[in-house]
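Scroll down for the structure; my scribbles are underneath it.
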Amino acid sequence: MDTLDQPTEAHKKIYNPKTYRMIIINGSVYRKLLHDGYLHWREERLLIPPLHELPILKRYLSFISYRIWGIVSERSLLMMVNEKISLLQILLQANWYNFTLCQLLKLCWEREETKVWRNNVLMKFLHHPNLAPSKYRPSALYDVFTKTNVLGPEHILALARAFY
């Protein structure tokens, strides 16, 4: 194949979730979207709408849900998008479907990074100064919760929503 037939970086395209059309990467529309807060997740070749455009973001997340399942099953729900925000934070802030989030979390529930995240969420909750548990030996409560493994994905997600 001749090098003239191969697409250059300037001519590669990506899906625009705002207009439902393909746009040229590094073109004027692409640059405007980035300026407006869109994230180009290069690793996954996705253009993610900003959190303040919730209707577009929710519609787009539903549209790419099959990709989200693949990303979580292969890597992690806690995977960082461009080293700025985790996939989980995007889904939580978009108020994505709780049932689906629980199912995604179950996929990586026993992974070490998920265990660390779960413990951090629980510690934030137990040590929060405005909550009753923080006044009554939060370390003891932490031990009870972790040793009995009583908190499942739906419980941790409910706590996490309070902190994101």
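Here, A, B, ... name the chains of the structure tokens in the order displayed, residue numbers run from 1 inside each chain, and ligands are numbered from 1 in the same displayed order.
All residues of protein, DNA or RNA that reach within 12 Å of A:Trp117, judged by only C-alpha atoms and not counting those fewer than 6 positions away in the chain, are Ser76, Leu77, Leu78, Met79, Ser86, Leu88, Gln89, Leu105, Cys108, Trp109, Glu110, Arg111, Met123, Lys124, Pro153, Ile156, Leu157, Leu159 and Ala160 of chain A.
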Which of chain A DSSP labels strand (DSSP E), written as a PyMOL selection string: chain A and resi 13-16+21-24+39-41+46-48+80-81+85-86
The selected residues should be written to file as a PDB file, in the first residue's frame (atoms: N, CA, C and O atoms).
ATOM      1  N   LYS A  13     -10.551   9.721  12.391  1.00  0.00           N
ATOM      2  CA  LYS A  13     -11.811  10.275  12.873  1.00  0.00           C
ATOM      3  C   LYS A  13     -12.226   9.649  14.196  1.00  0.00           C
ATOM      4  O   LYS A  13     -11.785   8.559  14.553  1.00  0.00           O
ATOM      5  N   ILE A  14     -13.100  10.363  14.888  1.00  0.00           N
ATOM      6  CA  ILE A  14     -13.648   9.912  16.159  1.00  0.00           C
ATOM      7  C   ILE A  14     -15.106  10.332  16.209  1.00  0.00           C
ATOM      8  O   ILE A  14     -15.506  11.325  15.593  1.00  0.00           O
ATOM      9  N   TYR A  15     -15.900   9.568  16.940  1.00  0.00           N
ATOM     10  CA  TYR A  15     -17.334   9.834  17.047  1.00  0.00           C
ATOM     11  C   TYR A  15     -17.589  11.043  17.944  1.00  0.00           C
ATOM     12  O   TYR A  15     -17.060  11.132  19.051  1.00  0.00           O
ATOM     13  N   ASN A  16     -18.401  11.971  17.473  1.00  0.00           N
ATOM     14  CA  ASN A  16     -18.792  13.157  18.222  1.00  0.00           C
ATOM     15  C   ASN A  16     -20.132  12.872  18.905  1.00  0.00           C
ATOM     16  O   ASN A  16     -21.157  12.810  18.234  1.00  0.00           O
ATOM     17  N   ARG A  21     -22.003  12.366  14.762  1.00  0.00           N
ATOM     18  CA  ARG A  21     -21.269  12.260  13.499  1.00  0.00           C
ATOM     19  C   ARG A  21     -19.794  12.019  13.791  1.00  0.00           C
ATOM     20  O   ARG A  21     -19.311  12.287  14.878  1.00  0.00           O
ATOM     21  N   MET A  22     -19.102  11.543  12.791  1.00  0.00           N
ATOM     22  CA  MET A  22     -17.656  11.372  12.900  1.00  0.00           C
ATOM     23  C   MET A  22     -16.992  12.722  12.610  1.00  0.00           C
ATOM     24  O   MET A  22     -17.445  13.458  11.732  1.00  0.00           O
ATOM     25  N   ILE A  23     -15.943  13.021  13.375  1.00  0.00           N
ATOM     26  CA  ILE A  23     -15.197  14.256  13.151  1.00  0.00           C
ATOM     27  C   ILE A  23     -13.717  13.927  13.034  1.00  0.00           C
ATOM     28  O   ILE A  23     -13.262  12.894  13.515  1.00  0.00           O
ATOM     29  N   ILE A  24     -12.979  14.815  12.416  1.00  0.00           N
ATOM     30  CA  ILE A  24     -11.546  14.624  12.224  1.00  0.00           C
ATOM     31  C   ILE A  24     -10.806  14.984  13.508  1.00  0.00           C
ATOM     32  O   ILE A  24     -11.007  16.067  14.065  1.00  0.00           O
ATOM     33  N   LEU A  39     -13.215  15.160  26.898  1.00  0.00           N
ATOM     34  CA  LEU A  39     -11.968  14.410  27.090  1.00  0.00           C
ATOM     35  C   LEU A  39     -11.795  13.422  25.948  1.00  0.00           C
ATOM     36  O   LEU A  39     -12.713  12.642  25.664  1.00  0.00           O
ATOM     37  N   HIS A  40     -10.646  13.456  25.311  1.00  0.00           N
ATOM     38  CA  HIS A  40     -10.347  12.443  24.303  1.00  0.00           C
ATOM     39  C   HIS A  40      -9.564  11.347  25.009  1.00  0.00           C
ATOM     40  O   HIS A  40      -8.383  11.507  25.311  1.00  0.00           O
ATOM     41  N   TRP A  41     -10.226  10.250  25.283  1.00  0.00           N
ATOM     42  CA  TRP A  41      -9.603   9.101  25.926  1.00  0.00           C
ATOM     43  C   TRP A  41      -8.934   8.304  24.829  1.00  0.00           C
ATOM     44  O   TRP A  41      -9.500   7.410  24.232  1.00  0.00           O
ATOM     45  N   LEU A  46     -12.235   7.181  22.577  1.00  0.00           N
ATOM     46  CA  LEU A  46     -13.548   7.705  22.928  1.00  0.00           C
ATOM     47  C   LEU A  46     -13.443   9.199  23.223  1.00  0.00           C
ATOM     48  O   LEU A  46     -12.459   9.647  23.797  1.00  0.00           O
ATOM     49  N   LEU A  47     -14.458   9.935  22.844  1.00  0.00           N
ATOM     50  CA  LEU A  47     -14.557  11.358  23.158  1.00  0.00           C
ATOM     51  C   LEU A  47     -15.652  11.481  24.214  1.00  0.00           C
ATOM     52  O   LEU A  47     -16.826  11.238  23.938  1.00  0.00           O
ATOM     53  N   ILE A  48     -15.259  11.816  25.446  1.00  0.00           N
ATOM     54  CA  ILE A  48     -16.186  11.813  26.570  1.00  0.00           C
ATOM     55  C   ILE A  48     -16.692  13.231  26.844  1.00  0.00           C
ATOM     56  O   ILE A  48     -15.892  14.130  27.069  1.00  0.00           O
ATOM     57  N   MET A  80      -8.079   5.150  35.149  1.00  0.00           N
ATOM     58  CA  MET A  80      -8.050   6.594  34.968  1.00  0.00           C
ATOM     59  C   MET A  80      -8.185   6.955  33.493  1.00  0.00           C
ATOM     60  O   MET A  80      -7.602   6.315  32.633  1.00  0.00           O
ATOM     61  N   VAL A  81      -8.962   7.988  33.232  1.00  0.00           N
ATOM     62  CA  VAL A  81      -9.127   8.518  31.887  1.00  0.00           C
ATOM     63  C   VAL A  81      -8.183   9.711  31.771  1.00  0.00           C
ATOM     64  O   VAL A  81      -8.363  10.710  32.463  1.00  0.00           O
ATOM     65  N   ILE A  85      -9.443  11.580  35.733  1.00  0.00           N
ATOM     66  CA  ILE A  85     -10.644  11.152  36.433  1.00  0.00           C
ATOM     67  C   ILE A  85     -10.855   9.671  36.148  1.00  0.00           C
ATOM     68  O   ILE A  85     -10.562   9.202  35.054  1.00  0.00           O
ATOM     69  N   SER A  86     -11.348   8.951  37.148  1.00  0.00           N
ATOM     70  CA  SER A  86     -11.561   7.518  36.924  1.00  0.00           C
ATOM     71  C   SER A  86     -12.881   7.293  36.190  1.00  0.00           C
ATOM     72  O   SER A  86     -13.798   8.116  36.243  1.00  0.00           O
TER      73      SER A  86
END
So which one's closest to A:Ile64, A:Leu104, A:Pro17, A:Lys147, A:Leu33? Using only C-alpha atoms, please. A:Pro17
If DSSP is run on the backbone, what residues of stretch 22-98 of chain A are alpha helix (DSSP H)? A reply as a PyMOL selection string would be ideal. chain A and resi 28-35+54-63+65-74+87-93+98
